[in-house]
Amino acid sequence: MKRLPAFLAFAGLLLTLPAACLLRAPKLRSSDFEAAFGRVASGSLGGLGARQAVDLAAISSDTGRWRRVTDAWGDPGYIVAVLAPGGKSIDCLSDLHLDVEVTIDRRPAELKDATEPVYGYSSRCRSEGFRFLAPPGAAIKIHVVAEQDQAEAGAELVILHYWSWDVKDRIVGVDLHEDLMRVEGFSGVAGVVLLALGLILSMRGRGSPGAPSVR
Amino acid sequence: MTLSTLSNRVYFGDSLLGTTTGYANSDAAVIKDRLGSVQPSYAYGTDTGSGEQTSPGDDFATYWKHSSTGFEYAMNRYYSTGYGRFLTVDPFGGSGMAVSPLSWNRYAHSSGDPVNQMDPSGLDDIGDPDPDTPPFGCDLFGGCVPGCPVGMINAALGISTGFLPGLGDEDFCFVLPIVPVFLQGGGGAGPECFAQLKDRPVKDSIASKFDAVHTFWRVQGDIAGVIEQFILTAGPLIKPGSTIQYLDAWAIPGNSAGQDNSAQHLVWSSGLSGSLCASVDRMIIAAERFPQNQILYRPVSALGFGGPNSNSAAHYFAIAGGFDPTAPWNAYGWPAGLGFS
């Protein structure tokens, strides 16, 4: 019985330490992902006739969540792309014969071919669309004119954050951290309780051996 | 800059390469040919001296010219237009194949076929970027070389001597050596397919403490009579407008989806056979029709369980194809069911 307080305190310490190591605040939370992977803007392309135009307008991301994302992972920039019906794959913009103009705060944007696949979408394109950079809070306007009829019903013109496929492991890392935090949270609380119990018992134990000396 | 697409005819030598798409802005027309070159250049990127560089950096076949050295930056290594080859060997092992002798030269650019192929990353060739453009002269391997009659091969292939102005293309042509049938992929008696289970470490500090691996499939299927390779992979995806993560899967044409590429560690292989095509096609279909926003994503956990995650999806593809590979022990989530079959 004399060793019980020490055992409890030791066990508590063992349970608390891993939690303490993980308790450093993560830069990102999974709740921030909405800002990273949500569509910035979208509009229907289906049924667009030749020489007809579609316009998209958006304000580039500037929320607290987005700032946390870019602080942790950097700014991926934006991509103008066309999603095939179902939203799972990207249509090749060059095959659709669309004239695309992008302005940021009323100034023409510098567009580059987006040759890297976008995370979350399948594609057979050499170029997925056009990528561009925009400062936080800027007004993005996209003007698209169809050179020919856009027969594919359900196709969508979208502005997305241009994440490469390597972002997958980063997402997993954040998820994993949160998953472990839940487990370690429980063990940490249990550890603190055991540690406190051990200390209390130890203090009481110290008090009781003192009695004989009084006697 | 206001960007719009233009249709232009682009020539190489006397050959019309085809109608291409380029860019134009209000200041100057910037024409990119189908290989992504801004500068007018000979086949291996040597400047013809007939044009002005219109955009700093943009140069030959999507590369950026290093201002001080003059070498072209190809992301993973530098390319020299003067030598017509890369300065260092290809770091991507998956781009070399025993059945393709042209890939044995690890310094060569686009397997010696710079007119029809490009290599934006410095790792692997991308085939004819414009399939509508007719070939000029083709070798038996399917590579096309201007000026070489069908059945002959350009001497520049594989050794990348670069383009030598003044010599006709036919000066480089010679008859192909006979390649043993087995090296060409099993006799050519029809399409042949394979499925390879691959894994790689999850690049995360916590995941690495558990040696967690992510598994995916590299497959070659027969899609409507066309042999095509895919990466079948899965991962977390955030449903638009929510914070909930779902497991989604994709069949990505080619042999690379970021770190999920053909160079990663091979866990299991089906071998190469025409009899596998039906099985592989079922795997591809399973990935293409994988339901989005239905299966909640769960990463690995401290207790070593976890899933459904990307490994659970890789297991699901195996089942779809009728394969039963032994997964790596640290492919957490492999046994987790997806709730459908």
# chains A, B, ... in the order shown; residues from 1 in each chain; ligands from 1
call {"tool": "interface_residues", "arguments": {"of": "chain A", "to": "chain B", "cutoff": "9 Å", "atoms": "only C-alpha atoms", "output": "MDAnalysis selection string"}}
result
chainID A and resid 30:34 37:39 88:89 94 97:103 107:111 115:117 119:126 164:177 179:180 183:184
call {"tool": "select_by_dssp", "arguments": {"residues": "region 235-295 of chain B", "states": "strand (DSSP E or B)", "output": "PyMOL selection string"}}
result
chain B and resi 235-238+245-253+256-257+260-261+265-269+273
call {"tool": "write_last_selection", "arguments": {"atoms": "C-alpha atoms", "output": "mmCIF file, in the first residue's frame"}}
result
data_model
loop_
_atom_site.group_PDB
_atom_site.id
_atom_site.type_symbol
_atom_site.label_atom_id
_atom_site.label_comp_id
_atom_site.auth_asym_id
_atom_site.auth_seq_id
_atom_site.Cartn_x
_atom_site.Cartn_y
_atom_site.Cartn_z
ATOM 1 C CA GLY B 235 -7.987 10.633 -50.096
ATOM 2 C CA PRO B 236 -9.967 13.067 -48.012
ATOM 3 C CA LEU B 237 -12.170 15.552 -49.774
ATOM 4 C CA ILE B 238 -14.165 18.322 -48.170
ATOM 5 C CA GLN B 245 -14.408 15.264 -44.875
ATOM 6 C CA TYR B 246 -15.391 12.363 -47.032
ATOM 7 C CA LEU B 247 -13.320 9.642 -48.612
ATOM 8 C CA ASP B 248 -13.173 10.006 -52.353
ATOM 9 C CA ALA B 249 -11.289 8.067 -54.987
ATOM 10 C CA TRP B 250 -10.059 8.854 -58.460
ATOM 11 C CA ALA B 251 -8.791 7.124 -61.579
ATOM 12 C CA ILE B 252 -6.160 9.515 -62.857
ATOM 13 C CA PRO B 253 -4.866 8.898 -66.379
ATOM 14 C CA SER B 256 1.496 10.205 -61.698
ATOM 15 C CA ALA B 257 -0.757 12.038 -59.289
ATOM 16 C CA ASP B 260 1.317 8.789 -56.037
ATOM 17 C CA ASN B 261 3.348 7.821 -59.043
ATOM 18 C CA HIS B 265 7.651 1.227 -53.861
ATOM 19 C CA LEU B 266 6.026 -1.832 -55.391
ATOM 20 C CA VAL B 267 4.121 -3.946 -52.882
ATOM 21 C CA TRP B 268 2.473 -6.440 -55.178
ATOM 22 C CA SER B 269 2.152 -7.002 -58.912
ATOM 23 C CA SER B 273 -1.286 -10.499 -69.247
#
call {"tool": "residues_around", "arguments": {"residues": "Leu14 (chain A)", "least_positions_apart": "5", "cutoff": "12 Å", "atoms": "only C-alpha atoms", "output": "PyMOL selection string"}}
result
chain A and resi 7-9+19-21+184+187-192+194-195
call {"tool": "residues_around", "arguments": {"residues": "Asp62 (chain A)", "least_positions_apart": "2", "cutoff": "7 Å", "atoms": "only C-alpha atoms", "output": "number ranges by chain"}}
result
A: 60, 64, 66-67, 136-137
call {"tool": "write_last_selection", "arguments": {"atoms": "C-alpha atoms", "output": "PDB file, in the first residue's frame"}}
result
ATOM      1  CA  SER A  60     -10.459  36.368 -53.195  1.00  0.00           C
ATOM      2  CA  GLY A  64      -9.177  34.142 -40.677  1.00  0.00           C
ATOM      3  CA  TRP A  66      -7.854  31.251 -45.065  1.00  0.00           C
ATOM      4  CA  ARG A  67      -5.027  33.159 -43.417  1.00  0.00           C
ATOM      5  CA  PRO A 136      -6.495  38.546 -50.314  1.00  0.00           C
ATOM      6  CA  GLY A 137      -9.715  40.497 -50.597  1.00  0.00           C
TER       7      GLY A 137
END
call {"tool": "closest_residue", "arguments": {"among": "A:Val82, A:Val158, A:Val145, A:Ala139", "to": "Gly43 (chain A)", "atoms": "only C-alpha atoms"}}
result
A:Val158
call {"tool": "residues_around", "arguments": {"residues": "region 72-74 of chain A", "least_positions_apart": "2", "cutoff": "8 Å", "atoms": "only C-alpha atoms", "output": "PyMOL selection string"}}
result
chain A and resi 27-28+68-70+76
call {"tool": "select_by_dssp", "arguments": {"residues": "region 61-92 of chain A", "states": "alpha helix (DSSP H)", "output": "number ranges by chain"}}
result
A: 64-73
call {"tool": "atom_distance", "arguments": {"atom1": "CA of Leu160 (chain A)", "atom2": "CA of Tyr73 (chain B)"}}
result
27.0 Å
call {"tool": "residues_around", "arguments": {"residues": "Ala81 (chain A)", "least_positions_apart": "6", "cutoff": "9 Å", "atoms": "only C-alpha atoms", "output": "ChimeraX atom specification"}}
result
/A:90-93,128-131,156-160
call {"tool": "atom_distance", "arguments": {"atom1": "CA of Glu72 (chain B)", "atom2": "CA of Phe60 (chain B)"}}
result
7.5 Å
call {"tool": "closest_residue", "arguments": {"among": "B:Ala314, B:Arg85, B:Gly96, B:Ala61", "to": "Ala108 (chain B)", "atoms": "only C-alpha atoms"}}
result
B:Arg85
call {"tool": "atom_distance", "arguments": {"atom1": "CA of Phe71 (chain B)", "atom2": "CA of Gln264 (chain B)"}}
result
28.9 Å
call {"tool": "closest_residue", "arguments": {"among": "B:Gly271, B:Asn255, B:Pro101, B:Pro325", "to": "Asp125 (chain B)", "atoms": "only C-alpha atoms"}}
result
B:Asn255
